[in-house]
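Reviewing the structure listed below.
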Amino acid sequence: EPSNTGHTRSKRSVSYEQPRMLSDNGHLVFTTGDNKEIRFATSANGRVKVDNEDLTQLMSQIKTNKEDITDIKTHGGVVPPDITNKLNQLDTKVSTL
Amino acid sequence: EPSNTGHTRSKRSVSYEQPRMLSDNGHLVFTTGDNKEIRFATSANGRVKVDNEDLTQLMSQIKTNKEDITDIKTHGGVVPPDITNKLNQLDTKVSTL
Amino acid sequence: EPSNTGHTRSKRSVSYEQPRMLSDNGHLVFTTGDNKEIRFATSANGRVKVDNEDLTQLMSQIKTNKEDITDIKTHGGVVPPDITNKLNQLDTKVSTL
Amino acid sequence: LHKQWIPDTNYENKTNWDKKDVPCGNDIVWFPAQRKVSVFVETMHAVQEMRLPVGGEFILNSGAGFHVVTGKDPGCGAGVTTKFKDSESLQWFNPALWQAAATLEDLQLGNFLFSVHEESVPCQHDDVVFKARSSFRVDTSSSQSSVPVKSVSVLGKKFESSSEFSWYLISRSGLLQFHGSSAVTLRNQECGDLSGCDCGNSGNRQRICNTVTCASLSCKNPLLPVGHCCEVCGAIVTIRYATGFNLQTYRQRIRHIFLILPQYKSIQLGMSKVFKSQRLMGIGPFGTSPEIQVVILDGEEGTQSEDLARDIVKDAQSHGSNLGITDAEFQASSGSSSDQT
């Protein structure tokens with residue numbers, strides 16, 4: 001029903017216009033309205049911590065991880081010692097034939 | 001003293017139920033009670049940002065990273081060029097024996 | 001006017017000193033102060049969630065990913081089947097020479 | 001008319017705190033765990049600690065928020081535990097909690113209208129206003145299954161569609177702002193009758209009057225206006241009308257001709273259509289006939305009210321045919337009435 005859709009939309013935009021901090025049955029909830037952001041901004045040695053984890057640092061770790069993975073995918077990782085051993089054995093065998 | 005214990009317990013269970021916002025030596029701390037969540041909820045095209053990084057996007061990157069790692073662990077990564085070279089050399093040597 | 005500048009500066013420096021949560025034109029902003037933290041702390045099995053994603057779990061995943069990457073970088077990943085095949089072929093060739 | 005709910009659950013409102021002051025950076029702010037409340041926060045506040053209710057919300061105006069201070073907040077005092085007051089018992093059907101005005105602009109300018117108790121509470125054709133940049137909690141329990149009004153404005157948004165408003169009522173904010181056994185419903189109906197409409201609150205008369213404490217009176221013959229809970233000292237003008245009578249126009253006329261006069265500065269005048277029970281032809285069953293009741297109070301013994309009543313009757317007699325008035329009479333608490341003039 002088209003009118004219903006309209007209502008839902010307007011309902012949402014109404015009730016969530018301003019950001020809210022709410023307690024929902026003891027859960028602590030931070031909400032914003034449509035298209036609005038929740039931002040964490042740190043400054044000079046200021047930190048955002050989530051249960052003792054440093055959010056800023058972990059965010060940067062995600063990107064480091066991503067880069068490392070790309071690097072491994074592109075250039076390969078360390079050669080597993082098994083392989084190196086096997087290659088050396090073969091090399092020796094071949095050289096002494 | 002039993003009444004004291006009862007008092008303490010009931011006081012504690014109440015106080016733990018309520019979410020809090022408090023100052024811990026000038027740090028701003030948000031807490032919830034046992035088993036209660038802290039939630040950040042945006043609507044429509046709202047985003048969560050950490051110092052200009054898009055947390056929503058980075059959280060999906062964490063999962064991509066995890067899949068990539070699993071993939072590398074299962075199927076191996078790119079073969080390091082050293083290994084390929086060595087194998088080719090050996091192959092040539094063996095073929096020309 | 002010098003006094004004006006002074007006023008502005010002191011006002012600004014104050015606002016950056018204190019960690020705060022504020023509504024900025026519909027966005028919800030958490031800012032840390034210099035050397036001051038904003039902490040979100042749950043207890044027992046409490047979780048921090050961002051738009052239905054479990055941030056607590058994802059943050060621990062970041063660290064698992066990091067460890068896995070370090071492991072792959074140090075010990076290499078799984079040997080790609082191509083390499084194993086090639087090595088086996090060579091081994092056979094060399095043995096039958 | 002527009003009826004505006006007076007109380008709020010705003011953080012900045014000193015009267016909402018048990019220490020009669022807005023908490024500052026050394027204070028512990030305590031919302032009791034079970035308090036259901038929607039708090040509007042207009043500006044930035046320092047807190048030492050805030051204990052939130054288990055179910056509640058803080059609506060943050062742009063620029064509003066909370067911060068903590070390092071050390072002590074200068075100018076805040078030693079720090080106290082301050083509790084947000086209970087707004088659980090504030091009832092929709094309490095006439096003292098509403099302000100009435102002809103238009104939104106008049107509401108903002110403070111040009112309020114006086115009404116009898118039943119009509120101080122929103123009538124079925126009224127626009128109900130909860131102040132923008134403000135939140136509240138109201139108990140809408142009624143003697144009827146629903147509380148019908150024309151429209152409701154909440155947080156600056158005017159609801160005119162009944163389905164849209166019923167969605168709002170079950171939203172988180174709606175559930176925190178409205179509670180009680182009956183729900184407010186939007187009829188979105190203008191009063192189609194230019195001569196005025198029945199308010200529709202007589203079914204809740206008992207509920208309304210239970211919230212009212214009547215003042216002791218010093219006049220000889222106190223009057224009981226229709227729709228009022230208390231006898232009053234003053235005067236009542238009763239106007240019978242015909243086609244062409246326009247209540248809104250007539251209200252303006254009385255204001256512009258009389259109420260602006262210095263001698264009537266402290267007069268309270270309420271005008272509405274009421275249905276008075278009367279025995280038809282002096283015999284037979286009770287019937288009701290609509291008439292316009294003008295209640296005039298001066299907060300004293302009623303002599304100014306009587307003067308004004310006399311002026312209004314005189315005006316009605318000389319201009320009645322233009323105004324659609326067929327008859328006007330008054331009764332005063334002094335004992336005099338238009339019958340004697």
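Chain identifiers are assigned as A, B, and so on, following the order in which chains appear in the structure tokens; residues are numbered from 1 within each chain, and ligands are numbered from 1 in order of appearance.
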
inquiry  = When you look at region 169-183 of chain D with a cut-off of 10 Å (counting only C-alpha atoms), what residues show up, excluding the ones that are within fewer than 2 positions of it in the same chain? I need them as a PyMOL selection string.
reply    = (chain A and resi 11-12+15-16+22+24) or (chain D and resi 9+35-39+55-59+88+91-92+135-148+154+163-167+185-186)

Pull the closest atom pair for each residue of chain D that gets at most 6 Å from chain B, along with the distance in Å to one decimal, counting only C-alpha atoms, ordering rows by chain and then ascending residue number, as CSV.
residue,atom,partner,partner_atom,distance
D:Gln48,CA,B:Ser23,CA,5.3
D:Glu49,CA,B:Leu22,CA,4.0
D:Met50,CA,B:Met21,CA,5.1
D:Arg51,CA,B:Arg20,CA,4.7
D:Leu52,CA,B:Pro19,CA,5.4
D:Pro53,CA,B:Gln18,CA,5.9
D:Val54,CA,B:Gln18,CA,5.4
D:Val68,CA,B:Ser23,CA,5.5
D:Val69,CA,B:Gly26,CA,5.3
D:Thr70,CA,B:Gly26,CA,4.1

Output N, CA and C atoms of each residue in that selection to a file, as a PDB file, in the first residue's frame.
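Output saved as part-v3.pdb:
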ATOM      1  N   GLN D  48      29.624  14.567  36.510  1.00  0.00           N
ATOM      2  CA  GLN D  48      30.576  13.715  37.201  1.00  0.00           C
ATOM      3  C   GLN D  48      30.208  12.257  36.901  1.00  0.00           C
ATOM      4  N   GLU D  49      28.926  12.000  37.061  1.00  0.00           N
ATOM      5  CA  GLU D  49      28.407  10.677  36.757  1.00  0.00           C
ATOM      6  C   GLU D  49      26.929  10.804  36.470  1.00  0.00           C
ATOM      7  N   MET D  50      26.469  10.061  35.488  1.00  0.00           N
ATOM      8  CA  MET D  50      25.042  10.054  35.210  1.00  0.00           C
ATOM      9  C   MET D  50      24.571   8.609  35.203  1.00  0.00           C
ATOM     10  N   ARG D  51      23.596   8.316  36.056  1.00  0.00           N
ATOM     11  CA  ARG D  51      23.012   6.977  36.072  1.00  0.00           C
ATOM     12  C   ARG D  51      21.735   7.038  35.264  1.00  0.00           C
ATOM     13  N   LEU D  52      21.719   6.301  34.176  1.00  0.00           N
ATOM     14  CA  LEU D  52      20.564   6.358  33.277  1.00  0.00           C
ATOM     15  C   LEU D  52      19.471   5.400  33.738  1.00  0.00           C
ATOM     16  N   PRO D  53      18.247   5.712  33.389  1.00  0.00           N
ATOM     17  CA  PRO D  53      17.177   4.761  33.700  1.00  0.00           C
ATOM     18  C   PRO D  53      17.337   3.511  32.833  1.00  0.00           C
ATOM     19  N   VAL D  54      16.667   2.448  33.222  1.00  0.00           N
ATOM     20  CA  VAL D  54      16.758   1.217  32.440  1.00  0.00           C
ATOM     21  C   VAL D  54      16.017   1.370  31.109  1.00  0.00           C
ATOM     22  N   VAL D  68      32.978  15.464  30.617  1.00  0.00           N
ATOM     23  CA  VAL D  68      33.449  15.380  31.990  1.00  0.00           C
ATOM     24  C   VAL D  68      34.620  16.339  32.152  1.00  0.00           C
ATOM     25  N   VAL D  69      34.919  16.670  33.372  1.00  0.00           N
ATOM     26  CA  VAL D  69      36.032  17.589  33.600  1.00  0.00           C
ATOM     27  C   VAL D  69      37.124  16.864  34.366  1.00  0.00           C
ATOM     28  N   THR D  70      38.342  17.369  34.208  1.00  0.00           N
ATOM     29  CA  THR D  70      39.463  16.834  34.971  1.00  0.00           C
ATOM     30  C   THR D  70      39.528  17.612  36.270  1.00  0.00           C
TER      31      THR D  70
END

request  = Write down as number ranges by chain the residues of chain B whose backbone DSSP state falls under helix (DSSP H, G or I).
outcome  = B: 2-17, 55-75, 81-95

message = Residues of chain B were defined as contacting chain A if any atom lay at most 9 Å from it, counting only C-alpha atoms; please report them as an MDAnalysis selection string.
response = chainID B and resid 17:20 30:33 35:53 55 58:59 61:62 64:65 68:69 72 76:83 86:87 90 93:94 97

request  = Using DSSP on the backbone coordinates, identify the residues of region 28-87 of chain B assigned to strand (DSSP E); present them as a PyMOL selection string.
outcome  = chain B and resi 28-34+38-43+48-50+53-54

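One finds CA of Arg251 (chain D) at 17.6 Å from CA of Glu190 (chain D).
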